[in-house]
>>> print(open('my_file-v1.txt').read())   # compact mmCIF, N, CA and C atoms
# COMPACT_ATOMS: atom_id res chain seq x y z
N PRO A 15 -16.55 31.68 5.49
CA PRO A 15 -16.89 32.57 4.40
C PRO A 15 -18.37 32.56 4.12
N VAL A 16 -18.84 33.62 3.54
CA VAL A 16 -20.25 33.73 3.18
C VAL A 16 -20.36 34.07 1.70
N GLU A 17 -21.54 33.84 1.13
CA GLU A 17 -21.79 34.15 -0.26
C GLU A 17 -21.74 35.67 -0.44
N THR A 18 -21.10 36.13 -1.50
CA THR A 18 -20.97 37.55 -1.75
C THR A 18 -21.54 37.91 -3.11
N SER A 19 -21.77 39.20 -3.30
CA SER A 19 -22.22 39.69 -4.59
C SER A 19 -21.31 40.84 -4.98
N PRO A 20 -20.52 40.72 -6.02
CA PRO A 20 -20.48 39.59 -6.95
C PRO A 20 -19.86 38.36 -6.31
N PRO A 21 -20.16 37.18 -6.86
CA PRO A 21 -19.65 35.93 -6.28
C PRO A 21 -18.12 35.88 -6.26
N ASP A 22 -17.58 35.28 -5.23
CA ASP A 22 -16.14 35.08 -5.10
C ASP A 22 -15.74 33.91 -5.98
N PRO A 23 -14.81 34.11 -6.94
CA PRO A 23 -14.41 33.02 -7.83
C PRO A 23 -13.87 31.80 -7.10
N GLN A 24 -13.32 31.99 -5.90
CA GLN A 24 -12.80 30.86 -5.14
C GLN A 24 -13.93 29.96 -4.62
N CYS A 25 -15.17 30.45 -4.67
CA CYS A 25 -16.31 29.67 -4.20
C CYS A 25 -17.08 29.03 -5.36
N ALA A 26 -16.55 29.12 -6.57
CA ALA A 26 -17.22 28.55 -7.74
C ALA A 26 -17.22 27.03 -7.64
N PRO A 27 -18.19 26.36 -8.30
CA PRO A 27 -18.18 24.89 -8.32
C PRO A 27 -16.85 24.37 -8.84
N ARG A 28 -16.42 23.26 -8.28
CA ARG A 28 -15.16 22.65 -8.70
C ARG A 28 -15.30 21.13 -8.60
N PRO A 29 -14.40 20.40 -9.29
CA PRO A 29 -14.48 18.94 -9.26
C PRO A 29 -14.23 18.40 -7.85
N VAL A 30 -14.89 17.30 -7.53
CA VAL A 30 -14.64 16.59 -6.28
C VAL A 30 -13.77 15.39 -6.62
N VAL A 31 -12.55 15.41 -6.13
CA VAL A 31 -11.60 14.33 -6.38
C VAL A 31 -11.78 13.25 -5.31
N GLY A 32 -11.85 12.00 -5.72
CA GLY A 32 -11.93 10.89 -4.77
C GLY A 32 -13.32 10.59 -4.25
N ALA A 33 -14.36 11.14 -4.89
CA ALA A 33 -15.73 10.79 -4.49
C ALA A 33 -15.97 9.32 -4.82
N ILE A 34 -16.53 8.58 -3.89
CA ILE A 34 -16.77 7.15 -4.08
C ILE A 34 -18.18 6.94 -4.63
N VAL A 35 -18.26 6.19 -5.72
CA VAL A 35 -19.53 5.87 -6.38
C VAL A 35 -19.65 4.36 -6.40
N THR A 36 -20.81 3.86 -5.99
CA THR A 36 -21.07 2.42 -6.06
C THR A 36 -22.15 2.18 -7.10
N ALA A 37 -21.85 1.31 -8.08
CA ALA A 37 -22.82 0.91 -9.10
C ALA A 37 -23.36 -0.45 -8.71
N ARG A 38 -24.71 -0.55 -8.68
CA ARG A 38 -25.35 -1.81 -8.27
C ARG A 38 -26.46 -2.19 -9.25
N SER A 39 -26.51 -3.47 -9.55
CA SER A 39 -27.63 -4.05 -10.27
C SER A 39 -27.76 -5.48 -9.78
N ASP A 40 -28.69 -6.23 -10.33
CA ASP A 40 -28.91 -7.61 -9.87
C ASP A 40 -27.61 -8.41 -9.91
N GLY A 41 -27.11 -8.78 -8.74
CA GLY A 41 -25.92 -9.61 -8.63
C GLY A 41 -24.62 -8.91 -8.98
N PHE A 42 -24.63 -7.61 -9.13
CA PHE A 42 -23.43 -6.86 -9.51
C PHE A 42 -23.24 -5.68 -8.57
N GLN A 43 -21.99 -5.45 -8.19
CA GLN A 43 -21.66 -4.27 -7.39
C GLN A 43 -20.20 -3.91 -7.65
N ARG A 44 -19.95 -2.64 -7.94
CA ARG A 44 -18.57 -2.18 -8.15
C ARG A 44 -18.46 -0.76 -7.62
N MET A 45 -17.35 -0.49 -6.90
CA MET A 45 -17.06 0.84 -6.38
C MET A 45 -15.93 1.46 -7.19
N VAL A 46 -16.08 2.73 -7.53
CA VAL A 46 -15.03 3.49 -8.21
C VAL A 46 -14.93 4.85 -7.55
N SER A 47 -13.86 5.58 -7.84
CA SER A 47 -13.74 6.94 -7.29
C SER A 47 -13.51 7.92 -8.43
N SER A 48 -13.89 9.17 -8.19
CA SER A 48 -13.74 10.20 -9.21
C SER A 48 -12.28 10.60 -9.35
N ASP A 49 -11.92 11.02 -10.55
CA ASP A 49 -10.52 11.37 -10.84
C ASP A 49 -10.26 12.85 -10.56
N ALA A 50 -9.12 13.35 -10.99
CA ALA A 50 -8.72 14.73 -10.73
C ALA A 50 -9.67 15.74 -11.37
N ASP A 51 -10.42 15.32 -12.38
CA ASP A 51 -11.40 16.19 -13.03
C ASP A 51 -12.80 15.99 -12.47
N GLY A 52 -12.93 15.14 -11.43
CA GLY A 52 -14.23 14.87 -10.85
C GLY A 52 -15.06 13.88 -11.65
N LEU A 53 -14.44 13.20 -12.59
CA LEU A 53 -15.15 12.25 -13.45
C LEU A 53 -14.96 10.82 -12.96
N PHE A 54 -15.93 9.97 -13.27
CA PHE A 54 -15.78 8.56 -12.94
C PHE A 54 -16.29 7.73 -14.11
N LEU A 55 -15.77 6.53 -14.23
CA LEU A 55 -16.16 5.59 -15.26
C LEU A 55 -16.27 4.22 -14.62
N VAL A 56 -17.38 3.56 -14.84
CA VAL A 56 -17.56 2.21 -14.32
C VAL A 56 -18.22 1.37 -15.41
N THR A 57 -17.69 0.18 -15.63
CA THR A 57 -18.26 -0.75 -16.60
C THR A 57 -19.21 -1.68 -15.87
N THR A 58 -20.44 -1.75 -16.37
CA THR A 58 -21.47 -2.57 -15.73
C THR A 58 -22.13 -3.47 -16.78
N PRO A 59 -22.84 -4.48 -16.32
CA PRO A 59 -23.63 -5.26 -17.27
C PRO A 59 -24.80 -4.41 -17.76
N PRO A 60 -25.36 -4.74 -18.92
CA PRO A 60 -26.52 -4.00 -19.41
C PRO A 60 -27.71 -4.15 -18.47
N GLY A 61 -28.59 -3.17 -18.50
CA GLY A 61 -29.80 -3.20 -17.68
C GLY A 61 -29.89 -2.00 -16.76
N GLU A 62 -30.77 -2.11 -15.77
CA GLU A 62 -30.97 -1.02 -14.81
C GLU A 62 -29.85 -1.05 -13.77
N VAL A 63 -29.20 0.08 -13.57
CA VAL A 63 -28.11 0.21 -12.62
C VAL A 63 -28.40 1.39 -11.71
N THR A 64 -28.16 1.20 -10.42
CA THR A 64 -28.30 2.29 -9.45
C THR A 64 -26.92 2.77 -9.06
N LEU A 65 -26.71 4.09 -9.14
CA LEU A 65 -25.46 4.71 -8.71
C LEU A 65 -25.69 5.33 -7.35
N GLN A 66 -24.87 4.95 -6.38
CA GLN A 66 -24.97 5.49 -5.02
C GLN A 66 -23.70 6.27 -4.73
N PHE A 67 -23.86 7.48 -4.21
CA PHE A 67 -22.74 8.37 -3.94
C PHE A 67 -22.50 8.42 -2.44
N GLN A 68 -21.26 8.24 -2.05
CA GLN A 68 -20.90 8.18 -0.64
C GLN A 68 -20.67 9.59 -0.07
N THR A 69 -20.83 9.70 1.22
CA THR A 69 -20.55 10.95 1.93
C THR A 69 -19.08 11.29 1.78
N MET A 70 -18.79 12.58 1.61
CA MET A 70 -17.40 13.04 1.50
C MET A 70 -17.09 13.94 2.69
N MET A 71 -16.00 13.65 3.37
CA MET A 71 -15.59 14.48 4.50
C MET A 71 -15.36 15.91 4.02
N GLY A 72 -15.89 16.87 4.77
CA GLY A 72 -15.72 18.28 4.43
C GLY A 72 -16.81 18.81 3.53
N LEU A 73 -17.68 17.94 3.03
CA LEU A 73 -18.79 18.37 2.19
C LEU A 73 -20.10 17.96 2.85
N MET A 74 -21.10 18.81 2.69
CA MET A 74 -22.40 18.54 3.31
C MET A 74 -23.33 17.92 2.28
N GLY A 75 -24.21 17.08 2.76
CA GLY A 75 -25.20 16.49 1.88
C GLY A 75 -24.57 15.50 0.92
N THR A 76 -25.27 14.45 0.67
CA THR A 76 -24.83 13.42 -0.27
C THR A 76 -25.82 13.42 -1.43
N PRO A 77 -25.33 13.40 -2.67
CA PRO A 77 -26.26 13.35 -3.80
C PRO A 77 -27.19 12.15 -3.71
N GLU A 78 -28.40 12.33 -4.21
CA GLU A 78 -29.36 11.23 -4.23
C GLU A 78 -28.90 10.15 -5.20
N ASP A 79 -29.35 8.92 -4.95
CA ASP A 79 -29.06 7.82 -5.85
C ASP A 79 -29.57 8.17 -7.25
N MET A 80 -28.90 7.64 -8.26
CA MET A 80 -29.32 7.82 -9.66
C MET A 80 -29.57 6.45 -10.26
N ASN A 81 -30.66 6.32 -10.97
CA ASN A 81 -30.95 5.09 -11.70
C ASN A 81 -30.70 5.36 -13.18
N VAL A 82 -29.92 4.49 -13.81
CA VAL A 82 -29.62 4.63 -15.23
C VAL A 82 -29.87 3.30 -15.94
N THR A 83 -30.18 3.39 -17.22
CA THR A 83 -30.35 2.21 -18.04
C THR A 83 -29.11 2.08 -18.92
N VAL A 84 -28.42 0.97 -18.78
CA VAL A 84 -27.19 0.72 -19.53
C VAL A 84 -27.52 -0.21 -20.69
N VAL A 85 -27.15 0.23 -21.90
CA VAL A 85 -27.35 -0.57 -23.11
C VAL A 85 -25.99 -1.13 -23.52
N GLU A 86 -25.96 -2.41 -23.82
CA GLU A 86 -24.69 -3.07 -24.16
C GLU A 86 -23.97 -2.32 -25.28
N GLY A 87 -22.67 -2.05 -25.06
CA GLY A 87 -21.85 -1.40 -26.07
C GLY A 87 -21.97 0.12 -26.10
N GLU A 88 -22.78 0.70 -25.24
CA GLU A 88 -22.95 2.16 -25.23
C GLU A 88 -22.44 2.75 -23.93
N THR A 89 -22.05 4.02 -23.99
CA THR A 89 -21.64 4.76 -22.81
C THR A 89 -22.80 5.63 -22.36
N VAL A 90 -23.08 5.65 -21.07
CA VAL A 90 -24.15 6.47 -20.52
C VAL A 90 -23.52 7.62 -19.74
N ALA A 91 -23.85 8.84 -20.12
CA ALA A 91 -23.38 10.01 -19.37
C ALA A 91 -24.48 10.39 -18.39
N VAL A 92 -24.13 10.52 -17.11
CA VAL A 92 -25.14 10.82 -16.10
C VAL A 92 -25.24 12.29 -15.78
N GLY A 93 -24.37 13.12 -16.32
CA GLY A 93 -24.43 14.55 -16.05
C GLY A 93 -23.71 14.91 -14.77
N GLU A 94 -24.01 16.09 -14.25
CA GLU A 94 -23.34 16.56 -13.04
C GLU A 94 -23.96 15.97 -11.79
N VAL A 95 -23.11 15.65 -10.85
CA VAL A 95 -23.51 15.20 -9.52
C VAL A 95 -22.97 16.25 -8.57
N MET A 96 -23.85 16.87 -7.79
CA MET A 96 -23.43 18.00 -6.97
C MET A 96 -23.35 17.65 -5.49
N TYR A 97 -22.21 17.93 -4.90
CA TYR A 97 -22.04 17.90 -3.44
C TYR A 97 -22.12 19.35 -2.98
N ASP A 98 -22.48 19.59 -1.73
CA ASP A 98 -22.64 20.93 -1.20
C ASP A 98 -21.56 21.20 -0.16
N THR A 99 -20.94 22.38 -0.24
CA THR A 99 -19.93 22.75 0.75
C THR A 99 -20.57 23.28 2.02
N GLY A 100 -21.83 23.67 1.93
CA GLY A 100 -22.51 24.25 3.08
C GLY A 100 -22.24 25.72 3.25
N ILE A 101 -21.40 26.30 2.40
CA ILE A 101 -21.05 27.72 2.50
C ILE A 101 -22.12 28.53 1.77
N ARG A 102 -22.63 29.53 2.42
CA ARG A 102 -23.64 30.42 1.82
C ARG A 102 -23.21 31.85 1.93
>>> encode(input="my_file-v1.txt", output="structure tokens")
Amino acid sequence: PVETSPPDPQCAPRPVVGAIVTARSDGFQRMVSSDADGLFLVTTPPGEVTLQFQTMMGLMGTPEDMNVTVVEGETVAVGEVMYDTGIR
């Protein structure tokens, strides 16, 4: 398929189920996967944490690593992480 005008609704962004995310900081590492809504939650120690996104079969390009600062007792929302289908 190719990109059309107007855009084909079947080509709209959608959640990626089962995307693997690794959270790393000094002496800590935990892997989680995204749920049916494309969301993930990982509990980490406070401080600087790097999120690494794994390659997904059938999708092109892997999102760049994200660095986040985790404050004890708070939830950090990282926003959208985009994988590319390669379809244009």
>>> closest_residue(input="my_file-v1.txt", among="A:Tyr97, A:Met70, A:Phe42, A:Ile34", to="Thr57 in chain A", atoms="only C-alpha atoms")
A:Phe42
>>> atom_distance(input="my_file-v1.txt", atom1="CA of Ser19 in chain A", atom2="CA of Val95 in chain A")
25.0 Å
>>> closest_residue(input="my_file-v1.txt", among="A:Thr76, A:Thr18, A:Thr58, A:Thr89", to="Arg44 in chain A", atoms="only C-alpha atoms")
A:Thr58
>>> closest_residue(input="my_file-v1.txt", among="A:Met80, A:Val85, A:Met71, A:Val46", to="Pro59 in chain A", atoms="only C-alpha atoms")
A:Val85
>>> residues_near_point(input="my_file-v1.txt", point="(-19.4, 0.7, -15.7)", cutoff="12 Å", atoms="only C-alpha atoms", output="PyMOL selection string")
chain A and resi 35-39+42-47+54-65+82-92
>>> closest_residue(input="my_file-v1.txt", among="A:Pro20, A:Asp49, A:Gly41, A:Ala33", to="Pro77 in chain A", atoms="only C-alpha atoms")
A:Ala33
>>> atom_distance(input="my_file-v1.txt", atom1="atom C of Ala50 in chain A", atom2="CA of Val30 in chain A")
7.2 Å
>>> atom_distance(input="my_file-v1.txt", atom1="CA of Pro29 in chain A", atom2="CA of Leu53 in chain A")
7.9 Å
>>> closest_residue(input="my_file-v1.txt", among="A:Asp79, A:Asp22, A:Asp51, A:Glu94", to="Phe67 in chain A", atoms="only C-alpha atoms")
A:Asp79
